[in-house]
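Trainee: What follows is a single structure, and I will ask about it in a moment.
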Amino acid sequence: MLAIGCRSAQSSSSTTASDLPFLITPRFIQSQMGDSTTTQQENQIREWLKKGDTLQAIPALNKLAMRYSNRVDYSQAYDCYWQALLLAEQVGDKRAQADSYNGLGILYSLYERRDAALDSYLQSLTINKRLLAAGEIDSLKLRDNYFALAIHFRYQNEVSLANAYLDSCESIPLKSPYANTLVKAERAYLLIQSHHYPEAEALLLPLQAELTDFLPSYLVIYHSLLGDLYVAWEAFAKAQTHYQLALNSAKTHLAHLNFVPDTYFKLSKVMTVLQKPTAANTYMQTAYALDQWLYSAKSPNNHFLLEIKDKYREEQERQAQIIQEQRLRQLEQEEYIWILKTVVLVVTLVLVGFAAIVWTRKIRRKHKLERTALHLRQQQEQEKNQAILEVKNKELTNTTLQIIAKDELLSEVKTQLTTLQKEGHSPEIRKLIQTIQLNKDQSWLAFEKQFAAVNNDFFDKLRAQFPELKPYDHKICALIKLDFSGKEMAQLLGISAESANTSRYRLRKRLGLEKGDNLKEFIDKV
């Protein structure tokens, strides 16, 4: 057993062939993604939908979504899950709805949308519990739900809840001798989070043979987990070995590829500790390229998903709006009919006419109340849409700040390497510096594209109200609307903090603001 606190004694500044194995790059993943099985599934689903055979198309869509997810084509997976969910609700297929929600929970979790992920997982669990109570499924379905929730709460660092859901998993027996292998691996995650390293290692090491026999693709996660354990335990040479084994498993099985960027990041840090800067930089660049390709808004694979469009919500709102409009027309038609009846009754019989007038007034009051309620509901919908816009702007701000942070990190690394190169005149370091390219313009273009998608008429209003403003002024206005500080604004635009403050001052003058006017509030009202 490794002693706690011991550091790897073997570290070297040189880079060997074993330090730089085959790198998993976006190009490699793309070359492996296409296959005839996926194409056949797509064609078969299209044929079923064309014939109106949704009962076969729905489960096939869920399976295809899972296949896309495993191949890191998350946009296609997201689209398939939502299509399956909408079709399943139309035909009342509860089993398929539960599967779709569980798959969507995984996708939301990948993009750090924890609340949406938890909501989807609980939707799936609730549906499956009802199906179990009705005798339509067995309890094994719940095991999948509990395991997904355990992973969710482990990411949230809620160890007690994660353990509780793992207990629920184990309470549902399986006939397989490997029934609790994955549960044990999750237990080890929680032990590492609680700093119980010897117990975590004792639980993990026997699992390798079991995983090799029944689920070899899970070795990606298994070796990554062992790498995390040994990093926490400061056994960095062992951590390097297991991180590289995790990457080899990902390459072999083309599974759990979402773990690959983080594994490269972690491996880069390990190589830094082991004083192997060349390998560390190579792994860091590979990690960054994969992370951008998999999750960045600039990636064509994820553009659809990162627009934060919820097809299901949009469809529900559209249907609700149609129902409201139909109800208003119905009320108007009823009111018109009652007026005609009142006229006829007044002409034929005064007393009956009087009663009809009283009844009509009552109906009118009722209809007025309903119209008032409907208008209030529409106003609430507008407020809800405004709240959603604020959330989107917040997510856009967070994404932009992450880009800034990454650019700062790369800039700092480049500065430090430049200093080292001046001292040692190392050609290797000079080559390394040349590979680090910072492009503030690309960062701004990515920001501007996402901002325009969320605030689609902001710049149009600016141009209409203040035609004298220049494109640079539009940039400043967008950053002020997102409540960027002077420092953050300077970092994104590639200028000094003093220049950013000067730009704000000039913008106030161009907008005609007085000394006491609040610039942020003024721009928010545009």
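Labels for the structure tokens follow display order: chains A, B, ..., residues from 1 in each chain, ligands from 1.
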Using only C-alpha atoms, which protein or nucleic acid residues come within 12 Å of A:Glu521? Drop anything in the same chain fewer than 6 positions from it, and give the result as a list in words.
Mentor: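 Surrounding residues, per the criterion: Cys477, Ile480, Lys481, Leu482, Asp483 and Leu513 of chain A.
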Trainee: Could you pull the residues within 8 Å of stretch 208-215 of chain A, counting only C-alpha atoms, minus those fewer than 4 positions along the same chain, as a list in words?
Mentor: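 So, after excluding close chain neighbours, the residues are Tyr178, Thr181, Leu204, Leu219 and Tyr222 of chain A.
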Trainee: Create the file for the chosen residues now, containing N, CA and C atoms and written as a tab-separated table (two decimals), in the first residue's frame.
Mentor:
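Result went into result_14.tsv, see below:
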chain	number	residue	atom	x	y	z
A	178	TYR	N	-21.28	-9.25	-11.75
A	178	TYR	CA	-20.70	-7.91	-11.80
A	178	TYR	C	-21.75	-6.85	-11.48
A	181	THR	N	-20.29	-3.71	-9.65
A	181	THR	CA	-18.96	-3.24	-10.01
A	181	THR	C	-18.94	-1.72	-10.19
A	204	LEU	N	-10.86	0.02	-5.43
A	204	LEU	CA	-10.73	0.15	-6.88
A	204	LEU	C	-9.90	-0.97	-7.54
A	219	LEU	N	-13.22	1.21	-18.64
A	219	LEU	CA	-11.84	1.37	-18.19
A	219	LEU	C	-11.36	2.81	-18.41
A	222	TYR	N	-12.41	4.28	-15.23
A	222	TYR	CA	-11.71	3.60	-14.14
A	222	TYR	C	-10.28	4.11	-14.00
Trainee: Would you kindly return, as JSON, numbers by chain, each protein, DNA or RNA residue with an atom no farther than 9 Å from any atom of stretch 67-72 of chain A, considering only C-alpha atoms and excluding same-chain residues fewer than 4 positions away?
Mentor: {"A": [29, 30, 32, 33, 38, 62, 63, 76, 77, 78, 80, 103, 107, 254, 255, 256, 257, 258, 294, 301]}
Trainee: Near A:Ile172, within 9 Å and counting only C-alpha atoms, which residues show up once chain neighbours fewer than 2 positions away are dropped, as a list in words?
Mentor: Ser139, Leu140, Leu142, Arg143, Ser168, Cys169, Glu170 and Leu174 of chain A
Trainee: Determine which residues of stretch 116-227 of chain A receive a DSSP assignment of alpha helix (DSSP H), computed from the backbone, and state them as an MDAnalysis selection string.
Mentor: chainID A and resid 116:133 140:155 159:170 181:193 197:204 207:214 219:227
Trainee: Leaving out A:Lys515 and any residue of its chain fewer than 6 positions from it, which residues lie within 12 Å of it when counting only C-alpha atoms, given as a ChimeraX atom specification?
Mentor: /A:505,508-509
Trainee: Calculate how many Å separate atom CA of A:Ala232 from atom CA of A:Tyr197, rounding to one decimal.
Mentor: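 Computing it gives 8.0 Å between the two atoms.
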